[in-house]
Structure formats: C-alpha cells, structure tokens
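Student: Quick one: this structure, given as structure tokens, is what I'll be asking you about.
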Amino acid sequence: MINKEKFLLKSYELGIIKFGEFTLKSGILSPFYVDLRPLASSPELLSELSQLLLAMLKDCRHELICGVPYAALPMATAMSLASKVPLIIKRKESKNYGTKKMLEGIFKEGQRCVLVEDVITSGKSLLETIEEVEKEGLKVKDIVVVLDRQQGGKELLESKGYHVHTLFSIENVIDILYNHDFLNQSQVVKIKDFLKEKPTVQLSAPRLTYEEKLKLQNHSVSKKLIEIALSKKTNLIASLDTHKSAEILKLAHQIGDSIVAVKLHSDIISDFTENFIHELKEIAAAKNFLLFEDRKFGDIGNTQHMQFTGGIYKISEWADLITSHVIAGEESLQVFGEKTGVVTIAEMSSKGTLTDENYKSKAIEISSKVSNVIGCVAQSKLPSALLLFTPGVNLTESGDSKGQQFNTPEKVFSDYHTDFIIVGRGIYGAKNPEEAAKKYKEEGWKAYLKNC
C-alpha cells in the first residue's frame with residue numbers, strides 16, 4: 001500500500017502548497033495557498049494519488065467516475081484507468097455549438113457516479129457539479145477529495161446527505177510538514193489560528209423570507225402572490241392539466257384552500273367557454289388564489305399581443321399571471337402591459353432541455369430589466385427581486401416516460417431557493433386531490449421554513 005505521508009512529501013516538492021499571504025477568490029486573506037494541478041505533470045505521483053483515492057472508495061458501489069473541472073480531471077482519468085470504471089467529463093460551461101452538452105461520455109440513467117475533487121473549500125463547485133450530474137438522471141452519493149481546507153465545504157455536503165471521503169485535511173498536512181522541518185513553529189501557530197477562526201466561505205446569500213421578498217416587489221401581482229402565501233401559509237401552485245372544464249372547477253373548489261394559484265393550459269380544455277372562466281374566477285375570489293395561464297408565449301411581439309388579447313381564450317381579461325419565453329427578446333415581453341404579471345421561462349424541467357447556462361443567464365438578465373416580469377420558471381437560484389417558480393415537484397415520482405424530471409419540495413427550497421412550487425399530476429392524478437394538495441401545502445411550507 002502506498003504511504004500517504006511519503007506521497008505528500010514528494011508532492012510538496014512540486015510546489016502544491018505555498019505559505020505566505022494570499023488573497024483567495026472569496027476575498028479571504030489566507031496564510032497558505034493550495035494548487036494541486038502540478039500533480040498532473042508527474043505520472044508517478046498521479047498514479048500513486050489514484051491508488052490512494054480508490055482505496056478510500058473500496059466499500060463504495062459506483063459505476064462511473066467524474067472529475068470536477070478542471071484540476072480534478074487528470075485525477076479522475078487516472079482513477080478510471082486504474083480501476084477500469086468508466087469516466088465521464090463534466091464541462092465547466094456548455095458549448096454554444098454542436099450538442100451543447102454539459103456531460104460528455106457514455107452513461108445510463110440511474111447509474112451511480114462518484115465525484116472527484118482536488119480541494120474542497122466552500123463546496124460550491126461540488127454542489128454545482130452534483131446538480132448538473134443529477135439533471136442527467138445519474139445518482140451521486142460519494143465524493144472523494146484530495147485536500148479539505150476545513151472551511152465548511154465538507155460539512156455542508158454531508159449535511160445534504162453526501163458521503164465525503166478526504167485524503168488529507170489541511171491540519172493533517174501542516175502537522176506532517178512540521179514533523180519533517182518544512183514548517184517552523186510560528187508558521188504552524190499562524191495557520192492553526194487562522195483555521196480556528198473558521199473563515200468559512202459563504203456559499204451564497206441566505207434565502208429571503210417572504211416578508212423580505214415582499215419589500216422588493218414593485219408589481220401588484222407579485223405582491224398579491226406573496227400576501228396570499230403568508231396569509232394561507234402555502235407556496236403551492238396547482239397545475240390542473242385536465243381537458244374538461246367541469247373537472248377543473250371541481251378540483252379548484254376542492255383544493256382552493258391549499259394553494260396560491262391555479263395554473264392552466266387553456267388550449268387543452270376541450271370545452272373552454274367564457275362561462276367557465278367566470279365560474280373559475282368566482283371560486284378564486286372565494287378561496288383567495290390567483291389564475292395563472294401557462295401559455296408560454298414565444299413569438300414576435302405583435303403575434304404575442306394578438307394571442308394574449310384575442311382569440312377564443314382572451315387571456316388578458318382573466319389571467320393574473322402568464323408565462324412567456326424570452327426567445328424573441330426584451331421588447332416582446334412589453335406587449336403584455338403592466339396589469340398582468342409575466343413569468344419568463346429561464347429553464348425547463350424536461351430531460352435534454354436546450355435551456356443551457358448561456359440561455360438561462362440571458363433570460364434572467366432580460367427578466368431583471370422588464371417592469372412587468374415578476375419572476376422566472378427555473379431549476380436554479382435567481383436574483384433576490386425575482387420570484388422563482390419551480391415546476392416538476394413530486395413527492396413520490398422521479399420522472400416520467402416523456403422526459404419530465406421531478407424534485408421534492410425539500411430539494412428545491414434547499415438547493416434552488418425557490419419561492420413557489422408547481423405540482424400537477426401529484427395533485428390532479430391523486431386518488432384524493434384535496435388530501436394530496438394539503439400534503440403538498442404542508443411539505444412546501446415546512447421546506448420553506450426549514451431553509452429560511
């Protein structure tokens with residue numbers, strides 16, 4: 001078996017750890033700096049490292065290896081070659097041409113993937129990688145790390161249920177180097193004092209409460225939505241994707257006390273009439289919820305305006321909120337006026353969606369500029385002033401045969417800082433929709449309170 005201490009001493013000679021005063025990316029002034037990339041230039045040490053990392057995984061069941069870009073990619077490759085376990089590659093950003101995939105390699109949905117990281121500090125890059133890998137239907141349970149800087153990342157990941165296997169901690173490294181006269185007593189004391197102060201890196205700003213969000217809102221619909229959430233203690237939007245108006249009215253009456261809004265796809269209702277809308281508005285007024293038309297407008301502005309105001313649906317006359325793509329640009333969103341709240345589509349929850357990181361960032365940028373946009377449909381965090389609407393929430397299923405991928409209320413509130421969960425089949429497809437809605441209301445509110 002390879003001796004860890006000897007491996008570290010040989011690696012130290014490559015300059016993987018430096019001591020002095022270094023300003024980190026987080027802004028923290030650190031007495032040491034770690035850079036394990038020189039190991040990629042030593043085939044001998046890279047091979048030894050792969051053996052040490054694989055030894056930590058001997059009791060773990062995994063079918064794929066993935067290195068967190070970029071420093072861990074050579075390590076993951078060496079591990080794959082030594083173990084014969086297939087390697088997949090996670091890009092730091094998707095290509096803006098070709099397949100635009102974030103994950104490269106051959107894999108199947110449901111396979112277990114171990115992640116490899118060189119250094120863990122805040123855990124941010126690992127969480128981002130986990131999210132991208134899990135979006136492709138893979139399962140992540142184990143993470144192997146060469147060096148833990150002891151600044152909160154390991155604890156954060158373990159609190160979310162992941163097993164983090166670390167080869168060295170920074171204190172471990174310091175003790176070994178001191179015992180071999182590479183560090184003096186004063187250097188050791190300075191570094192350990194720095195670690196005692198626990199200069200943890202904030203992963204991100206904590207999620208805002210609804211009361212805090214309310215203060216940031218300028219649109220009457222977003223204010224009303226949050227006020228309903230606070231008064232009814234619910235963040236649930238029910239997507240009633242059924243074909244008959246009578247069934248929608250029945251469901252709306254049954255679940256109205258548990259929701260902030262009913263979301264419709266009016267163009268799938270086979271017997272849509274003005275009277276149906278009139279009755280639905282009466283139920284909404286009595287039960288205190290809003291009407292949300294999920295039209296997903298996506299044409300040039302003039303066409304969108306006609307679709308919004310005309311036809312048999314006359315959406316502008318009854319919808320409190322509507323959804324729209326941003327594909328036609330900023331001005332196309334202005335055709336909906338200021339009365340209706342616009343929710344833009346930044347990401348979709350279906351497998352293989354083309355709403356990649358570049359598209360998402362542009363969509364969010366546009367959404368932040370337009371006054372009638374109150375939020376986005378997305379699967380990740382947004383600027384605080386925008387409301388986050390997350391579809392694909394289900395307590396029992398992980399996906400369907402048509403590419404839809406589901407998340408639990410706990411995951412979307414914890415990982416995405418969502419504001420409103422959207423549930424469809426979990427409610428209207430339940431044996432008892434009223435009880436199902438109550439359950440989602442309770443779980444959604446519990447997840448919100450837990451993650452505030």
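We label chains A, B, ... in the order they appear in the structure tokens, count residues from 1 in each chain, and number ligands from 1 in the order shown.
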Env of Asn302 in chain A: 8 Å cut, atoms = only C-alpha atoms, seq-sep filter 3 positions within chain, self excluded. Answer as a list in words.

Tutor: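 Within the cut-off, the hits are His305, Met306, Ser332 and Val335 of chain A.
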
Student: Convert the current residue selection to file output with C-alpha atoms, as a PDB file, in the first residue's frame.

Tutor:
ATOM      1  CA  HIS A 305     -50.195  40.615 -28.336  1.00  0.00           C
ATOM      2  CA  MET A 306     -52.903  39.105 -30.541  1.00  0.00           C
ATOM      3  CA  SER A 332     -41.611  41.113 -26.878  1.00  0.00           C
ATOM      4  CA  VAL A 335     -46.765  43.692 -25.120  1.00  0.00           C
TER       5      VAL A 335
END

Student: May I have all residues of range 210-441 of chain A that DSSP, computed from the backbone, assigns to helix (DSSP H, G or I), given as a ChimeraX atom specification?

Tutor: /A:210-216,220-232,245-258,266-268,274-287,301-309,315-317,330-336,357-369,409-415,425-428,433-441

Student: As an exercise, work out the distance from CA of Val343 in chain A to CA of Ser316 in chain A in Å and give it to one decimal place.

Tutor: 14.4 Å

Student: Which polymer residues have any atom within 8 Å of an atom of range 59-76 of chain A, counting only C-alpha atoms, with same-chain residues fewer than 2 positions away left out, as a PyMOL selection string?

Tutor: chain A and resi 36-37+40+46+49-50+56-57+78-80+85-92+107+111-118+125-126+129+142

Student: Create the file for the chosen residues now, containing N, CA, C and O atoms and written as a short mmCIF file (atom, residue, chain, number, x, y, z; two decimals), in the first residue's frame.

Tutor:
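So out_14.cif came out as:
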data_model
loop_
_atom_site.label_atom_id
_atom_site.label_comp_id
_atom_site.auth_asym_id
_atom_site.auth_seq_id
_atom_site.Cartn_x
_atom_site.Cartn_y
_atom_site.Cartn_z
N LEU A 36 -3.13 21.89 -6.66
CA LEU A 36 -2.72 20.52 -6.93
C LEU A 36 -2.53 20.22 -8.41
O LEU A 36 -2.20 19.10 -8.78
N ARG A 37 -2.65 21.23 -9.26
CA ARG A 37 -2.51 20.99 -10.70
C ARG A 37 -1.13 20.48 -11.12
O ARG A 37 -1.02 19.72 -12.08
N ALA A 40 -0.50 16.78 -12.18
CA ALA A 40 -0.80 16.24 -13.50
C ALA A 40 0.46 16.08 -14.34
O ALA A 40 0.47 15.32 -15.32
N LEU A 46 0.74 11.02 -9.95
CA LEU A 46 -0.67 10.94 -10.34
C LEU A 46 -1.18 9.51 -10.20
O LEU A 46 -2.30 9.27 -9.74
N LEU A 49 -1.54 8.82 -6.50
CA LEU A 49 -2.73 9.50 -5.98
C LEU A 49 -3.99 8.72 -6.35
O LEU A 49 -4.90 8.57 -5.52
N SER A 50 -4.07 8.24 -7.57
CA SER A 50 -5.26 7.49 -7.98
C SER A 50 -5.46 6.26 -7.10
O SER A 50 -6.59 5.92 -6.74
N MET A 56 -9.95 4.67 -0.77
CA MET A 56 -11.00 5.23 0.08
C MET A 56 -12.39 4.83 -0.40
O MET A 56 -13.36 4.94 0.34
N LEU A 57 -12.47 4.36 -1.64
CA LEU A 57 -13.77 4.02 -2.23
C LEU A 57 -14.00 2.51 -2.31
O LEU A 57 -14.94 2.06 -2.95
N ALA A 78 -6.95 9.17 -14.19
CA ALA A 78 -6.03 8.16 -13.66
C ALA A 78 -6.78 7.10 -12.86
O ALA A 78 -6.48 5.90 -12.96
N MET A 79 -7.78 7.53 -12.10
CA MET A 79 -8.58 6.58 -11.34
C MET A 79 -9.36 5.65 -12.25
O MET A 79 -9.48 4.45 -12.00
N SER A 80 -9.89 6.20 -13.33
CA SER A 80 -10.65 5.40 -14.29
C SER A 80 -9.76 4.35 -14.95
O SER A 80 -10.14 3.18 -15.08
N VAL A 85 -13.18 1.63 -14.25
CA VAL A 85 -14.52 2.21 -14.12
C VAL A 85 -14.63 3.36 -15.13
O VAL A 85 -13.75 4.23 -15.18
N PRO A 86 -15.68 3.39 -15.95
CA PRO A 86 -15.80 4.41 -16.99
C PRO A 86 -15.76 5.83 -16.46
O PRO A 86 -16.28 6.12 -15.37
N LEU A 87 -15.17 6.70 -17.24
CA LEU A 87 -15.05 8.12 -16.92
C LEU A 87 -16.07 8.92 -17.71
O LEU A 87 -16.30 8.66 -18.89
N ILE A 88 -16.71 9.89 -17.05
CA ILE A 88 -17.49 10.90 -17.76
C ILE A 88 -16.90 12.26 -17.43
O ILE A 88 -16.28 12.44 -16.38
N ILE A 89 -17.07 13.20 -18.32
CA ILE A 89 -16.48 14.53 -18.15
C ILE A 89 -17.58 15.57 -18.04
O ILE A 89 -18.45 15.64 -18.90
N LYS A 90 -17.50 16.35 -16.99
CA LYS A 90 -18.45 17.45 -16.81
C LYS A 90 -17.78 18.74 -17.26
O LYS A 90 -16.72 19.10 -16.76
N ARG A 91 -18.38 19.41 -18.21
CA ARG A 91 -17.83 20.67 -18.68
C ARG A 91 -18.06 21.78 -17.66
O ARG A 91 -19.03 21.75 -16.91
N LYS A 92 -17.16 22.76 -17.65
CA LYS A 92 -17.36 23.92 -16.78
C LYS A 92 -18.49 24.78 -17.33
O LYS A 92 -19.24 25.39 -16.58
N PHE A 107 -23.19 6.95 -20.63
CA PHE A 107 -23.79 6.61 -19.33
C PHE A 107 -25.27 6.33 -19.51
O PHE A 107 -25.87 6.68 -20.53
N GLN A 111 -27.43 5.29 -13.08
CA GLN A 111 -26.12 4.82 -12.67
C GLN A 111 -25.57 5.68 -11.53
O GLN A 111 -25.83 6.88 -11.46
N ARG A 112 -24.77 5.05 -10.66
CA ARG A 112 -24.15 5.75 -9.54
C ARG A 112 -22.80 6.31 -9.97
O ARG A 112 -21.98 5.60 -10.53
N CYS A 113 -22.60 7.58 -9.68
CA CYS A 113 -21.39 8.27 -10.12
C CYS A 113 -20.65 8.83 -8.91
O CYS A 113 -21.26 9.51 -8.07
N VAL A 114 -19.35 8.55 -8.81
CA VAL A 114 -18.54 9.15 -7.75
C VAL A 114 -17.86 10.39 -8.33
O VAL A 114 -17.38 10.39 -9.45
N LEU A 115 -17.86 11.47 -7.56
CA LEU A 115 -17.22 12.71 -7.98
C LEU A 115 -15.83 12.81 -7.37
O LEU A 115 -15.61 12.40 -6.23
N VAL A 116 -14.91 13.38 -8.13
CA VAL A 116 -13.54 13.57 -7.68
C VAL A 116 -13.24 15.07 -7.67
O VAL A 116 -13.48 15.77 -8.66
N GLU A 117 -12.71 15.56 -6.54
CA GLU A 117 -12.37 16.97 -6.39
C GLU A 117 -10.97 17.08 -5.82
O GLU A 117 -10.56 16.25 -5.00
N ASP A 118 -10.23 18.11 -6.25
CA ASP A 118 -8.87 18.27 -5.72
C ASP A 118 -8.88 18.91 -4.34
O ASP A 118 -8.33 18.37 -3.38
N SER A 125 -18.46 24.48 -5.91
CA SER A 125 -18.25 23.85 -7.22
C SER A 125 -18.77 22.43 -7.22
O SER A 125 -19.28 21.94 -8.24
N LEU A 126 -18.67 21.76 -6.08
CA LEU A 126 -19.19 20.40 -5.99
C LEU A 126 -20.71 20.37 -6.08
O LEU A 126 -21.29 19.53 -6.77
N THR A 129 -21.68 20.87 -9.62
CA THR A 129 -21.44 19.67 -10.41
C THR A 129 -22.48 18.61 -10.12
O THR A 129 -23.00 17.94 -11.03
N ASP A 142 -21.28 9.49 -3.27
CA ASP A 142 -19.92 9.57 -2.74
C ASP A 142 -19.08 10.60 -3.48
O ASP A 142 -19.15 10.71 -4.71
#

Student: Kindly indicate which residue among A:Tyr428, A:Gln217, A:Asp415, A:Ala55 lies nearest to Leu157 in chain A, using only C-alpha atoms for the distances.

Tutor: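 Under the stated criterion, the closest residue is A:Asp415.
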
Student: Of the candidates A:Glu410, A:Ala229, A:Pro31, A:Tyr210, which shows the shortest atom-to-atom distance to Arg149 in chain A, using only C-alpha atoms?

Tutor: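 Under the stated criterion, the closest residue is A:Pro31.
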
Student: Using only C-alpha atoms, determine which residues lie at most 12 Å from Glu317 in chain A, disregarding the query and same-chain residues fewer than 2 positions distant; provide the list as a PDB file with C-alpha atoms, in the first residue's frame.

Tutor:
ATOM      1  CA  GLU A 274     -66.395  32.416 -21.062  1.00  0.00           C
ATOM      2  CA  ILE A 277     -63.761  31.400 -16.716  1.00  0.00           C
ATOM      3  CA  HIS A 278     -66.489  33.328 -14.916  1.00  0.00           C
ATOM      4  CA  LYS A 281     -62.882  33.479 -11.109  1.00  0.00           C
ATOM      5  CA  LEU A 291     -55.235  32.445 -12.033  1.00  0.00           C
ATOM      6  CA  GLU A 293     -52.184  30.840 -17.616  1.00  0.00           C
ATOM      7  CA  PHE A 308     -52.844  37.460 -25.442  1.00  0.00           C
ATOM      8  CA  THR A 309     -55.814  39.710 -26.125  1.00  0.00           C
ATOM      9  CA  GLY A 310     -57.809  37.887 -28.821  1.00  0.00           C
ATOM     10  CA  GLY A 311     -58.993  34.504 -29.980  1.00  0.00           C
ATOM     11  CA  ILE A 312     -61.447  32.388 -28.023  1.00  0.00           C
ATOM     12  CA  TYR A 313     -59.397  32.499 -24.802  1.00  0.00           C
ATOM     13  CA  LYS A 314     -58.993  36.288 -24.308  1.00  0.00           C
ATOM     14  CA  ILE A 315     -56.271  35.609 -21.756  1.00  0.00           C
ATOM     15  CA  ALA A 319     -55.190  35.777 -16.166  1.00  0.00           C
ATOM     16  CA  ASP A 320     -53.351  37.309 -13.226  1.00  0.00           C
ATOM     17  CA  LEU A 321     -50.098  35.709 -14.396  1.00  0.00           C
ATOM     18  CA  ILE A 322     -48.854  34.333 -17.702  1.00  0.00           C
ATOM     19  CA  PHE A 336     -48.468  42.129 -22.064  1.00  0.00           C
ATOM     20  CA  GLY A 337     -48.847  45.515 -20.360  1.00  0.00           C
ATOM     21  CA  LYS A 339     -51.550  44.708 -15.226  1.00  0.00           C
ATOM     22  CA  THR A 340     -50.607  41.062 -15.782  1.00  0.00           C
TER      23      THR A 340
END

Student: For Leu52 in chain A, which residue out of A:Glu212, A:Thr166, A:Lys154, A:Met102 is the nearest one, using only C-alpha atoms?

Tutor: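 So, comparing all the options, the nearest one is A:Thr166.
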
Student: Using only C-alpha atoms, pick whichever of A:Gly105, A:Gly426, A:Gly152, A:Gly375 has the shortest atom-to-atom distance to Lys438 in chain A.

Tutor: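 Nearest candidate to Lys438 in chain A out of A:Gly105, A:Gly426, A:Gly152, A:Gly375: A:Gly426.
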
Student: Work out how far apart CA of Phe289 in chain A and CA of Leu225 in chain A are and give it in Å to one decimal.

Tutor: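 Going from CA of Phe289 in chain A over to CA of Leu225 in chain A covers 8.1 Å.
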
Student: Would you mind telling me which residue in A:Ile255, A:Ile327, A:Leu290, A:Ala447 lies nearest to Asn432 in chain A when using only C-alpha atoms?

Tutor: A:Ile255

Student: Please provide the set of residues having any atom within 8 Å of range 258-266 of chain A, restricted to only C-alpha atoms, with same-chain residues fewer than 2 positions apart removed, written as a ChimeraX atom specification.

Tutor: /A:225,228-229,232,234-241,252,255-256,268-269,272,288-295,313,437-438,441

Student: Rounded to one decimal in Å, what is the spacing between CA of Ile130 in chain A and CA of Asn394 in chain A?

Tutor: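 Computing the Euclidean distance for CA of Ile130 in chain A and CA of Asn394 in chain A yields 19.7 Å.
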
Student: Find the residues near Leu9 in chain A: any atom within 9 Å, counting only C-alpha atoms, skip ones fewer than 6 places away on the same chain, and give them as a list of chain:residue names.

Tutor: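 In the requested form, the answer reads A:Ile176, A:Leu177, A:His180.
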
Student: Write out as a PyMOL selection string which residues come within 12 Å of Lys250 in chain A when counting only C-alpha atoms, dropping same-chain ones fewer than 3 positions away.

Tutor: chain A and resi 240+242+244-247+253-256+276+279-280+283+428+433-434

Student: Save out the residues we just selected, C-alpha atoms, as a short mmCIF file (atom, residue, chain, number, x, y, z; two decimals), in the first residue's frame.

Tutor:
data_model
loop_
_atom_site.label_atom_id
_atom_site.label_comp_id
_atom_site.auth_asym_id
_atom_site.auth_seq_id
_atom_site.Cartn_x
_atom_site.Cartn_y
_atom_site.Cartn_z
CA LEU A 240 -54.66 21.49 -13.43
CA THR A 242 -57.12 18.31 -17.47
CA LYS A 244 -62.77 19.19 -19.12
CA SER A 245 -63.84 22.49 -17.60
CA ALA A 246 -66.18 20.79 -15.08
CA GLU A 247 -63.29 18.73 -13.73
CA HIS A 253 -63.10 24.09 -5.34
CA GLN A 254 -61.60 21.05 -3.60
CA ILE A 255 -58.02 22.31 -3.35
CA GLY A 256 -58.56 26.07 -3.28
CA PHE A 276 -66.15 28.51 -17.36
CA GLU A 279 -67.11 30.40 -12.56
CA LEU A 280 -63.40 29.81 -12.01
CA ILE A 283 -64.01 30.21 -6.92
CA TYR A 428 -54.93 16.09 -10.07
CA PRO A 433 -56.77 15.52 -4.77
CA GLU A 434 -57.90 17.52 -1.73
#
